[in-house]
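A.B. asks: Structure: upload-v6.cif, mmCIF, C-alpha atoms.
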data_upload
loop_
_atom_site.label_atom_id
_atom_site.label_comp_id
_atom_site.auth_asym_id
_atom_site.auth_seq_id
_atom_site.Cartn_x
_atom_site.Cartn_y
_atom_site.Cartn_z
CA MET A 275 94.63 99.16 91.32
CA ILE A 276 97.95 98.10 89.81
CA THR A 277 99.73 95.08 91.31
CA MET A 278 103.52 95.09 91.35
CA TYR A 279 105.44 91.93 92.24
CA ILE A 280 108.85 92.06 93.89
CA TYR A 281 110.98 88.94 93.55
CA ILE A 282 112.75 88.24 96.84
CA LEU A 283 115.96 86.21 96.69
CA ASP A 284 118.63 85.21 99.16
CA THR A 285 121.25 87.96 99.79
CA LEU A 286 118.81 90.63 98.61
CA ALA A 287 120.10 94.17 99.13
CA ASP A 288 117.03 95.31 101.08
CA TRP A 289 118.08 98.96 101.43
CA GLU A 290 117.83 99.40 97.66
CA LEU A 291 114.22 98.24 97.58
CA GLY A 292 113.36 100.29 100.65
CA TYR A 293 113.56 103.57 98.76
CA VAL A 294 111.39 102.56 95.83
CA THR A 295 108.79 100.60 97.81
CA SER A 296 108.22 103.43 100.28
CA GLU A 297 107.63 105.92 97.46
CA LEU A 298 105.34 103.54 95.56
CA ASN A 299 103.33 103.00 98.74
CA SER A 300 103.08 106.70 99.62
CA GLY A 301 102.08 107.80 96.10
CA ARG A 302 103.22 111.35 96.86
CA PHE A 303 104.85 111.81 93.43
CA PHE A 304 101.97 110.31 91.43
CA LYS A 305 99.39 112.25 89.48
CA LYS A 306 96.45 113.38 91.57
CA ASP A 307 94.05 110.71 90.26
CA ALA A 308 96.63 107.95 89.68
CA GLN A 309 95.80 104.36 90.50
CA ARG A 310 97.15 102.97 93.75
CA ILE A 311 99.85 100.31 93.61
CA SER A 312 99.58 97.07 95.52
CA LEU A 313 103.00 95.59 96.33
CA LYS A 314 103.32 91.81 96.57
CA THR A 315 106.45 89.81 97.33
CA VAL A 316 107.21 86.52 95.61
CA SER A 317 109.98 83.97 95.94
CA CYS A 318 110.85 80.49 94.71
CA SER A 319 110.40 79.01 98.20
CA LYS A 320 108.83 79.76 101.57
CA GLU A 321 112.13 79.36 103.40
CA PRO A 322 113.49 82.40 105.27
CA ILE A 323 116.09 84.44 103.41
CA ARG A 324 119.06 86.44 104.62
CA THR A 325 119.42 89.94 103.24
CA MET A 326 122.61 91.94 102.87
CA GLY A 327 121.17 94.68 105.08
#
Would you put the structure from the file into structure tokens?

C.D. replies:
Amino acid sequence: MITMYIYILDTLADWELGYVTSELNSGRFFKKDAQRISLKTVSCSKEPIRTMG
């Protein structure tokens, strides 16, 4: 399994990440035997953020 980290910052444009994360999670455009991708979010603090969306 491949782990991909997404850095979350204040005023993130969440609609832009929505397209890519949904496709990475579905795997529908990957090779038949491709490894799955585990998506993890990271940030510099645990405080809530406000997105642009």

A.B. asks: Tell me which protein, DNA and RNA residues are within 7 Å of range 319-327 of chain A, counting only C-alpha atoms, leaving out same-chain ones fewer than 3 positions away, and put them as an mmCIF file with C-alpha atoms, in the coordinates of the input.

C.D. replies:
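Okay, this is what ended up in out30.cif:
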data_model
loop_
_atom_site.group_PDB
_atom_site.id
_atom_site.type_symbol
_atom_site.label_atom_id
_atom_site.label_comp_id
_atom_site.auth_asym_id
_atom_site.auth_seq_id
_atom_site.Cartn_x
_atom_site.Cartn_y
_atom_site.Cartn_z
ATOM 1 C CA LEU A 283 115.960 86.210 96.690
ATOM 2 C CA ASP A 284 118.630 85.210 99.160
ATOM 3 C CA THR A 285 121.250 87.960 99.790
ATOM 4 C CA LEU A 286 118.810 90.630 98.610
ATOM 5 C CA ALA A 287 120.100 94.170 99.130
ATOM 6 C CA ASP A 288 117.030 95.310 101.080
ATOM 7 C CA TRP A 289 118.080 98.960 101.430
#

A.B. asks: What's around Ile282 in chain A at 9 Å? Count all atoms listed in the file, leave out sequence neighbours fewer than 6 positions away in its own chain, and write the answer as an NGL selection string.

C.D. replies: :A and (315-318 or 323)

A.B. asks: Evaluate the PyMOL selection byres ((chain A and resi 313) around 8) and record the selected residues as a VMD selection string, following the chain and residue labels used in the document.

C.D. replies: chain A and resid 277 to 280 295 299 311 to 312 314 to 315

A.B. asks: For the atom pair CA of Gly292 in chain A and CA of Ile276 in chain A, what is the interatomic distance in Å to one decimal place?

C.D. replies: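 Computed distance, CA of Gly292 in chain A to CA of Ile276 in chain A, equals 19.0 Å.
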
A.B. asks: At what distance in Å, to one decimal, does CA of Met275 in chain A lie from CA of Gly301 in chain A?

C.D. replies: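 Between these atoms lies a distance of 12.4 Å.
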
A.B. asks: Would you compute the box with edges along x, y and z of the file around range 312-319 of chain A, including every atom the file lists for it and 8 Å extra on each side, and give its centre and edge lengths in Å to one decimal, as JSON?

C.D. replies:
{"center_x": 105.2, "center_y": 88.0, "center_z": 96.5, "size_x": 27.3, "size_y": 34.1, "size_z": 19.5}
